[in-house]
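Below: work_10.cif (mmCIF, C-alpha atoms and all ligand atoms)
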```cif
data_input
#
loop_
_atom_site.label_atom_id
_atom_site.label_comp_id
_atom_site.auth_asym_id
_atom_site.auth_seq_id
_atom_site.Cartn_x
_atom_site.Cartn_y
_atom_site.Cartn_z
CA MET A 1 55.03 29.74 164.31
CA SER A 2 53.64 26.79 162.35
CA THR A 3 56.04 24.38 160.73
CA ASP A 4 56.36 24.15 156.95
CA TYR A 5 56.18 20.65 155.50
CA ALA A 6 56.69 18.99 152.15
CA ALA A 7 54.23 16.13 151.59
CA CYS A 8 56.47 13.47 150.07
CA MET A 9 55.92 10.02 148.65
CA ASP A 10 58.09 7.42 147.00
CA ILE A 11 56.26 5.24 144.47
CA GLY A 12 57.87 1.86 143.95
CA GLY A 13 56.64 -1.22 142.16
CA THR A 14 55.77 -2.93 145.45
CA PHE A 15 55.19 -0.18 148.03
CA ILE A 16 54.39 3.50 148.22
CA LYS A 17 56.21 5.08 151.16
CA TYR A 18 55.15 8.50 152.35
CA SER A 19 55.64 11.12 155.03
CA LEU A 20 55.59 14.81 155.75
CA VAL A 21 59.16 16.14 155.82
CA ASP A 22 60.34 19.44 157.30
CA ILE A 23 63.12 21.70 156.06
CA ASN A 24 65.66 20.10 158.42
CA GLY A 25 65.06 16.65 157.01
CA THR A 26 62.82 15.39 159.81
CA VAL A 27 60.66 12.57 158.47
CA VAL A 28 57.43 12.83 160.45
CA GLY A 29 56.16 9.26 160.71
CA LEU A 30 57.05 7.20 157.66
CA LYS A 31 54.19 5.01 156.42
CA LYS A 32 53.79 2.59 153.56
CA LYS A 33 51.04 1.02 151.50
CA LYS A 34 51.11 -1.70 148.85
CA THR A 35 51.20 -0.11 145.41
CA SER A 36 47.88 -0.37 143.56
CA LYS A 37 47.90 -2.80 140.66
CA GLU A 38 44.75 -1.29 139.12
CA GLY A 39 46.53 0.55 136.30
CA LYS A 40 46.76 4.29 135.84
CA GLU A 41 43.40 5.26 137.36
CA GLY A 42 43.84 2.99 140.38
CA LEU A 43 47.33 4.24 141.06
CA LEU A 44 46.32 7.89 140.64
CA ALA A 45 43.40 7.41 143.03
CA GLN A 46 45.81 5.91 145.56
CA VAL A 47 48.25 8.81 145.11
CA PHE A 48 45.39 11.28 145.76
CA ASP A 49 44.29 9.35 148.88
CA ILE A 50 47.83 9.45 150.25
CA ILE A 51 48.20 13.17 149.51
CA GLU A 52 44.92 13.86 151.32
CA GLU A 53 45.97 11.74 154.27
CA MET A 54 49.20 13.74 154.51
CA LEU A 55 47.42 17.11 154.13
CA ASN A 56 45.05 16.10 156.95
CA SER A 57 47.89 14.96 159.18
CA ALA A 58 49.76 18.29 159.12
CA ASN A 59 48.30 19.19 162.53
CA GLY A 60 48.35 22.95 162.20
CA GLY A 61 51.54 22.79 160.13
CA ASN A 62 51.69 24.23 156.66
CA VAL A 63 52.12 21.94 153.61
CA ILE A 64 53.97 24.08 151.08
CA GLY A 65 54.29 21.52 148.29
CA ILE A 66 54.06 17.92 147.19
CA GLY A 67 57.13 15.87 146.29
CA ILE A 68 56.92 12.64 144.36
CA SER A 69 59.76 10.23 143.87
CA SER A 70 58.86 7.49 141.42
CA ALA A 71 60.37 4.35 139.99
CA GLY A 72 60.89 4.53 136.24
CA GLN A 73 62.38 7.21 134.07
CA VAL A 74 61.16 10.65 134.97
CA ASN A 75 61.64 13.98 133.24
CA HIS A 76 62.01 16.23 136.28
CA TRP A 77 61.70 19.50 134.32
CA ARG A 78 58.42 18.54 132.65
CA GLY A 79 57.14 16.47 135.54
CA GLU A 80 56.42 13.46 133.38
CA VAL A 81 57.01 9.76 133.80
CA LEU A 82 58.68 8.76 130.53
CA SER A 83 58.78 5.04 131.15
CA ALA A 84 58.15 2.72 134.03
CA THR A 85 58.59 -0.91 134.92
CA ASP A 86 55.91 -3.53 134.37
CA ASN A 87 55.13 -3.11 138.06
CA LEU A 88 53.58 0.30 137.40
CA PRO A 89 51.16 -0.39 134.55
CA GLY A 90 49.70 2.73 132.95
CA TRP A 91 52.26 5.01 134.55
CA VAL A 92 54.10 5.69 131.28
CA GLY A 93 53.53 9.13 129.78
CA ILE A 94 51.60 10.42 132.78
CA ASP A 95 51.94 14.17 133.32
CA LEU A 96 51.96 13.79 137.08
CA LYS A 97 53.20 17.24 138.06
CA SER A 98 50.41 19.10 136.20
CA ILE A 99 47.72 16.71 137.38
CA ILE A 100 48.67 17.21 141.02
CA GLU A 101 49.31 20.94 140.77
CA ASN A 102 45.91 21.48 139.18
CA LYS A 103 44.08 19.31 141.69
CA TYR A 104 45.70 20.68 144.84
CA ASN A 105 46.64 24.19 143.71
CA THR A 106 50.13 23.85 145.12
CA THR A 107 53.59 23.20 143.75
CA CYS A 108 54.53 19.61 142.89
CA GLN A 109 57.99 18.28 142.06
CA ILE A 110 58.72 14.82 140.76
CA ASP A 111 61.85 12.87 139.95
CA ASN A 112 63.20 9.37 139.59
CA ASP A 113 63.55 7.51 142.90
CA VAL A 114 67.31 6.97 142.77
CA LYS A 115 67.98 10.58 141.81
CA CYS A 116 65.87 11.59 144.81
CA ALA A 117 67.75 9.14 147.02
CA ALA A 118 71.06 10.63 145.87
CA LEU A 119 69.85 14.11 146.88
CA GLY A 120 68.67 12.70 150.21
CA GLU A 121 72.08 11.19 150.87
CA MET A 122 73.80 14.41 149.76
CA HIS A 123 71.89 16.66 152.14
CA PHE A 124 71.14 14.32 155.04
CA GLY A 125 73.17 11.12 154.72
CA ALA A 126 76.32 9.44 153.45
CA ALA A 127 77.29 12.20 151.02
CA LYS A 128 77.10 15.24 153.29
CA ASN A 129 79.75 17.70 152.10
CA VAL A 130 80.55 15.44 149.14
CA LYS A 131 80.23 17.12 145.77
CA ASP A 132 81.07 14.32 143.37
CA PHE A 133 79.56 10.92 143.85
CA VAL A 134 77.79 8.03 142.22
CA CYS A 135 74.83 6.35 143.87
CA ILE A 136 73.99 2.75 143.02
CA THR A 137 70.91 1.06 144.46
CA ILE A 138 70.89 -2.68 144.31
CA GLY A 139 67.56 -4.41 144.75
CA THR A 140 65.05 -5.98 142.38
CA GLY A 141 66.87 -4.02 139.69
CA VAL A 142 69.90 -1.75 139.73
CA GLY A 143 69.37 2.02 139.72
CA GLY A 144 71.83 4.85 139.67
CA ALA A 145 72.46 8.55 139.89
CA ILE A 146 75.57 10.57 139.15
CA VAL A 147 76.22 13.82 141.01
CA GLU A 148 78.82 16.22 139.71
CA ASN A 149 79.77 19.31 141.69
CA GLY A 150 76.62 18.98 143.78
CA ARG A 151 74.28 18.65 140.81
CA LEU A 152 72.58 15.61 139.34
CA LEU A 153 73.73 14.60 135.90
CA ARG A 154 70.49 14.64 133.91
CA GLY A 155 71.41 14.38 130.25
CA ASN A 156 69.25 15.30 127.31
CA ASN A 157 65.80 14.43 128.61
CA GLY A 158 66.50 14.02 132.26
CA ILE A 159 67.14 10.30 132.50
CA ALA A 160 70.94 10.02 132.68
CA GLY A 161 72.41 7.62 135.21
CA GLU A 162 70.54 4.43 134.31
CA VAL A 163 73.55 2.42 135.37
CA GLY A 164 71.59 -0.84 135.48
CA HIS A 165 71.60 -0.90 131.70
CA MET A 166 75.32 -0.56 131.11
CA VAL A 167 76.27 -3.64 129.16
CA ILE A 168 78.87 -5.70 130.99
CA ARG A 169 78.65 -8.97 129.00
CA LYS A 170 78.53 -9.36 125.27
CA GLY A 171 75.65 -11.70 124.42
CA GLY A 172 74.79 -12.00 128.09
CA ARG A 173 71.48 -12.54 129.88
CA LYS A 174 68.40 -10.94 128.36
CA CYS A 175 67.31 -7.81 130.17
CA ASN A 176 63.75 -6.48 130.47
CA CYS A 177 64.93 -3.38 128.57
CA GLY A 178 65.28 -5.61 125.48
CA ASN A 179 69.06 -5.68 125.45
CA TYR A 180 71.45 -8.44 126.52
CA GLY A 181 74.14 -8.48 129.19
CA CYS A 182 72.99 -5.45 131.21
CA TYR A 183 74.58 -4.76 134.59
CA GLU A 184 71.33 -5.35 136.47
CA GLN A 185 71.11 -8.86 135.05
CA TYR A 186 74.24 -9.65 137.09
CA ALA A 187 74.33 -7.18 139.97
CA SER A 188 70.70 -7.10 141.14
CA VAL A 189 69.38 -9.15 144.03
CA THR A 190 67.03 -10.76 141.53
CA ALA A 191 70.06 -11.94 139.55
CA LEU A 192 71.77 -13.28 142.66
CA LYS A 193 68.69 -15.26 143.67
CA ALA A 194 68.29 -16.64 140.14
CA THR A 195 71.92 -17.78 140.07
CA VAL A 196 71.63 -19.39 143.49
CA ALA A 197 68.46 -21.22 142.43
CA LYS A 198 70.09 -22.44 139.23
CA LYS A 199 73.53 -23.40 140.51
CA LEU A 200 72.55 -24.72 143.91
CA ARG A 201 69.38 -26.41 142.73
CA LYS A 202 67.01 -24.54 145.02
CA THR A 203 68.79 -25.73 148.14
CA TYR A 204 68.46 -22.27 149.57
CA LEU A 205 64.86 -21.47 148.81
CA PRO A 206 62.46 -19.97 150.09
CA TYR A 207 63.02 -17.54 147.32
CA ASP A 208 60.94 -14.66 148.60
CA THR A 209 62.93 -13.80 151.69
CA GLY A 210 65.75 -11.28 151.85
CA VAL A 211 69.34 -12.06 150.99
CA GLU A 212 70.94 -11.90 154.44
CA TRP A 213 70.36 -15.63 154.93
CA LEU A 214 72.50 -16.31 151.86
CA PHE A 215 75.43 -14.30 153.13
CA GLU A 216 75.13 -15.92 156.55
CA ARG A 217 75.86 -19.26 154.91
CA TYR A 218 78.87 -17.97 152.99
CA ASN A 219 81.43 -19.85 155.07
CA GLU A 220 79.47 -23.09 155.18
CA ASP A 221 79.03 -23.85 151.52
CA GLU A 222 81.74 -23.79 148.90
CA ARG A 223 79.39 -23.58 145.93
CA LEU A 224 77.46 -20.74 147.48
CA ARG A 225 80.74 -19.00 148.24
CA ALA A 226 81.70 -19.20 144.54
CA VAL A 227 78.34 -17.69 143.51
CA ILE A 228 78.64 -14.82 145.98
CA ASP A 229 82.27 -14.14 145.03
CA ARG A 230 81.28 -13.91 141.37
CA TYR A 231 78.34 -11.68 142.30
CA ALA A 232 80.64 -9.31 144.20
CA GLU A 233 82.97 -9.23 141.22
CA ASP A 234 80.12 -8.31 138.88
CA ILE A 235 79.01 -5.48 141.16
CA ALA A 236 82.63 -4.28 141.32
CA LEU A 237 83.00 -4.33 137.51
CA GLY A 238 80.18 -1.82 137.15
CA ILE A 239 81.71 0.37 139.83
CA VAL A 240 85.06 0.37 138.02
CA SER A 241 83.39 1.61 134.81
CA LEU A 242 81.40 4.26 136.65
CA VAL A 243 84.49 5.50 138.46
CA SER A 244 86.29 5.90 135.12
CA ILE A 245 83.37 7.89 133.73
CA ALA A 246 82.54 10.15 136.66
CA ASN A 247 85.74 10.34 138.79
CA PRO A 248 83.67 10.45 141.99
CA SER A 249 85.07 10.80 145.47
CA TYR A 250 82.35 8.51 146.82
CA VAL A 251 80.48 5.55 145.43
CA ILE A 252 77.42 5.08 147.61
CA ILE A 253 75.71 1.72 147.58
CA GLY A 254 72.12 1.43 148.73
CA GLY A 255 69.46 -1.24 148.69
CA ALA A 256 69.19 -4.71 150.14
CA VAL A 257 72.81 -5.76 149.78
CA SER A 258 74.33 -2.66 151.37
CA SER A 259 73.47 -3.94 154.84
CA CYS A 260 75.70 -6.97 154.29
CA GLU A 261 79.17 -6.21 155.58
CA LEU A 262 80.76 -9.23 153.97
CA LEU A 263 79.53 -8.29 150.52
CA MET A 264 80.38 -4.60 150.92
CA ASP A 265 83.92 -5.55 151.94
CA LYS A 266 84.35 -7.88 148.97
CA VAL A 267 82.93 -5.41 146.48
CA THR A 268 85.16 -2.65 147.85
CA GLU A 269 88.26 -4.84 147.72
CA LEU A 270 87.58 -6.01 144.16
CA ALA A 271 86.74 -2.53 142.91
CA TYR A 272 89.91 -1.07 144.46
CA GLU A 273 91.94 -3.81 142.81
CA ARG A 274 90.72 -2.83 139.37
CA VAL A 275 90.22 0.91 139.46
CA MET A 276 93.06 2.84 137.86
CA PRO A 277 95.38 4.10 140.62
CA VAL A 278 94.88 7.71 139.62
CA PHE A 279 91.14 7.40 140.37
CA LYS A 280 91.66 5.44 143.55
CA ARG A 281 93.53 8.05 145.53
CA SER A 282 90.48 9.82 146.86
CA LEU A 283 87.85 7.15 146.25
CA LYS A 284 85.63 5.80 149.01
CA ILE A 285 83.02 3.10 148.59
CA VAL A 286 80.41 3.46 151.31
CA ARG A 287 76.89 2.34 152.11
CA ALA A 288 73.86 4.61 151.92
CA LEU A 289 72.75 5.82 155.33
CA ARG A 290 69.16 6.93 154.94
CA GLY A 291 67.61 3.71 153.59
CA ASN A 292 63.86 4.03 153.07
CA GLU A 293 63.87 7.72 153.87
CA ALA A 294 66.48 8.84 151.34
CA SER A 295 64.18 9.46 148.39
CA LEU A 296 61.57 11.26 150.52
CA LEU A 297 64.29 13.50 151.94
CA GLY A 298 65.69 14.11 148.47
CA VAL A 299 62.41 15.10 146.88
CA SER A 300 61.67 17.38 149.85
CA THR A 301 64.76 19.43 148.95
CA TYR A 302 63.05 20.46 145.69
CA ILE A 303 60.09 21.79 147.66
CA PHE A 304 62.24 23.68 150.12
CA GLY A 305 64.41 25.08 147.31
CA TYR A 306 67.76 23.69 148.45
ZN ZN A 401 68.83 -3.53 130.37
#
```
Rewrite the structure from the file as structure tokens, please.
Amino acid sequence: MSTDYAACMDIGGTFIKYSLVDINGTVVGLKKKKTSKEGKEGLLAQVFDIIEEMLNSANGGNVIGIGISSAGQVNHWRGEVLSATDNLPGWVGIDLKSIIENKYNTTCQIDNDVKCAALGEMHFGAAKNVKDFVCITIGTGVGGAIVENGRLLRGNNGIAGEVGHMVIRKGGRKCNCGNYGCYEQYASVTALKATVAKKLRKTYLPYDTGVEWLFERYNEDERLRAVIDRYAEDIALGIVSLVSIANPSYVIIGGAVSSCELLMDKVTELAYERVMPVFKRSLKIVRALRGNEASLLGVSTYIFGY
């Protein structure tokens, strides 16, 4: 019998990752391409190319639908991208689901990348058998998803869970959403790098590399230590608020910083210190397990009707 596949892609501001996925969560050869910067038409053409590459790679298998996880705010029900970062020019307002369904005559499901990642972790990763959890992804920005009784919290037009734009400082740093003091201006990797550059006078550049090198120097440099401690505290503050709102049993942290044990330990310790005891009893703060694959796995569950 031939295998059924979902053709899945995850569209980020920097890379598009893609793979066929089967019903058991097997990711068949993850690939990635740099995201087109040619505006709407360029990006759409790239999406079509990738879909065709996946359809041609099914090797006798059966592609039963196309799943698209995208950065930006997505209305899953209508299949529309409601807003997107500056990294995806022209993506706003695009009716992606209809465009793809009409072109390929197959079902297409789309959702926000962090919501997809949360579903991926729920079915195949850190949140297996966990019904109530909050997912926070910390990278260039801060994304989030809230799952209650096994279902994503969507809100009025499908975009609930934008935890990066909770305000944690009155009159704080300006955010690209137009507001001031948003969580992602303090908890993102971008924010950490900016603070390091400012406070440590570029001692630790090159700026473009990952953040592991910063944490490796934690014990050597007192000023760096102070910056990282404050950073961990800011991440923890957001967690404390989210725990009060959602009463999750797990908080799952994904993205670049989750691979750093030192930071995870600090964040966990600081969050536990501040969370109300009644919430703390059953609370675990853990790292995401499926990394790059989580959003592909998550969007595949829509195609397979989980
Ligand atoms: Zn904001």
Inset, instruction - Enumerate as number ranges by chain the residues within 6 Å of ligand ZN 401 (chain A), counting all atoms listed in the file. - result: A: 165, 175-177, 179, 182
Could the residues in this selection be saved with C-alpha atoms as a PDB file, keeping the file's coordinate frame?
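Below you can see out.pdb, which holds the result:
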```
ATOM      1  CA  HIS A 165      71.600  -0.900 131.700  1.00  0.00           C
ATOM      2  CA  CYS A 175      67.310  -7.810 130.170  1.00  0.00           C
ATOM      3  CA  ASN A 176      63.750  -6.480 130.470  1.00  0.00           C
ATOM      4  CA  CYS A 177      64.930  -3.380 128.570  1.00  0.00           C
ATOM      5  CA  ASN A 179      69.060  -5.680 125.450  1.00  0.00           C
ATOM      6  CA  CYS A 182      72.990  -5.450 131.210  1.00  0.00           C
TER       7      CYS A 182
END
```
Legend entry - Who sits within 8 Å of segment 68-77 of chain A, only C-alpha atoms, same chain under 4 positions skipped, as a ChimeraX atom specification: /A:8-13,81-85,108-114,116,157-159,295-296,299
Inset, instruction - Measuring atom to atom with only C-alpha atoms, identify which of A:Glu148, A:Asp221, A:Asp265, A:Glu293 is nearest to Lys131 of chain A. - result: A:Glu148
Legend entry - Within 12 Å of file point (48.6, 9.0, 146.3), counting all atoms listed in the file, expressed as a ChimeraX atom specification: /A:7-12,15-19,32-36,40-55,66-70,96,99-100
Need the shell around Ile136 of chain A: protein/DNA/RNA residues with any atom at most 10 Å away, counting only C-alpha atoms. Skip same-chain ones fewer than 6 positions apart. Format as a PDB file with C-alpha atoms, in the frame of the given file?
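Final output, saved to around_5.pdb:
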```pdb
ATOM      1  CA  VAL A 114      67.310   6.970 142.770  1.00  0.00           C
ATOM      2  CA  LYS A 115      67.980  10.580 141.810  1.00  0.00           C
ATOM      3  CA  ALA A 117      67.750   9.140 147.020  1.00  0.00           C
ATOM      4  CA  ALA A 118      71.060  10.630 145.870  1.00  0.00           C
ATOM      5  CA  VAL A 142      69.900  -1.750 139.730  1.00  0.00           C
ATOM      6  CA  GLY A 143      69.370   2.020 139.720  1.00  0.00           C
ATOM      7  CA  GLY A 144      71.830   4.850 139.670  1.00  0.00           C
ATOM      8  CA  ALA A 145      72.460   8.550 139.890  1.00  0.00           C
ATOM      9  CA  ILE A 146      75.570  10.570 139.150  1.00  0.00           C
ATOM     10  CA  GLY A 161      72.410   7.620 135.210  1.00  0.00           C
ATOM     11  CA  GLU A 162      70.540   4.430 134.310  1.00  0.00           C
ATOM     12  CA  VAL A 163      73.550   2.420 135.370  1.00  0.00           C
ATOM     13  CA  GLY A 164      71.590  -0.840 135.480  1.00  0.00           C
ATOM     14  CA  ILE A 235      79.010  -5.480 141.160  1.00  0.00           C
ATOM     15  CA  GLY A 238      80.180  -1.820 137.150  1.00  0.00           C
ATOM     16  CA  ILE A 239      81.710   0.370 139.830  1.00  0.00           C
ATOM     17  CA  LEU A 242      81.400   4.260 136.650  1.00  0.00           C
ATOM     18  CA  VAL A 251      80.480   5.550 145.430  1.00  0.00           C
ATOM     19  CA  ILE A 252      77.420   5.080 147.610  1.00  0.00           C
ATOM     20  CA  ILE A 253      75.710   1.720 147.580  1.00  0.00           C
ATOM     21  CA  GLY A 254      72.120   1.430 148.730  1.00  0.00           C
ATOM     22  CA  GLY A 255      69.460  -1.240 148.690  1.00  0.00           C
ATOM     23  CA  SER A 258      74.330  -2.660 151.370  1.00  0.00           C
ATOM     24  CA  ARG A 287      76.890   2.340 152.110  1.00  0.00           C
ATOM     25  CA  ALA A 288      73.860   4.610 151.920  1.00  0.00           C
TER      26      ALA A 288
END
```
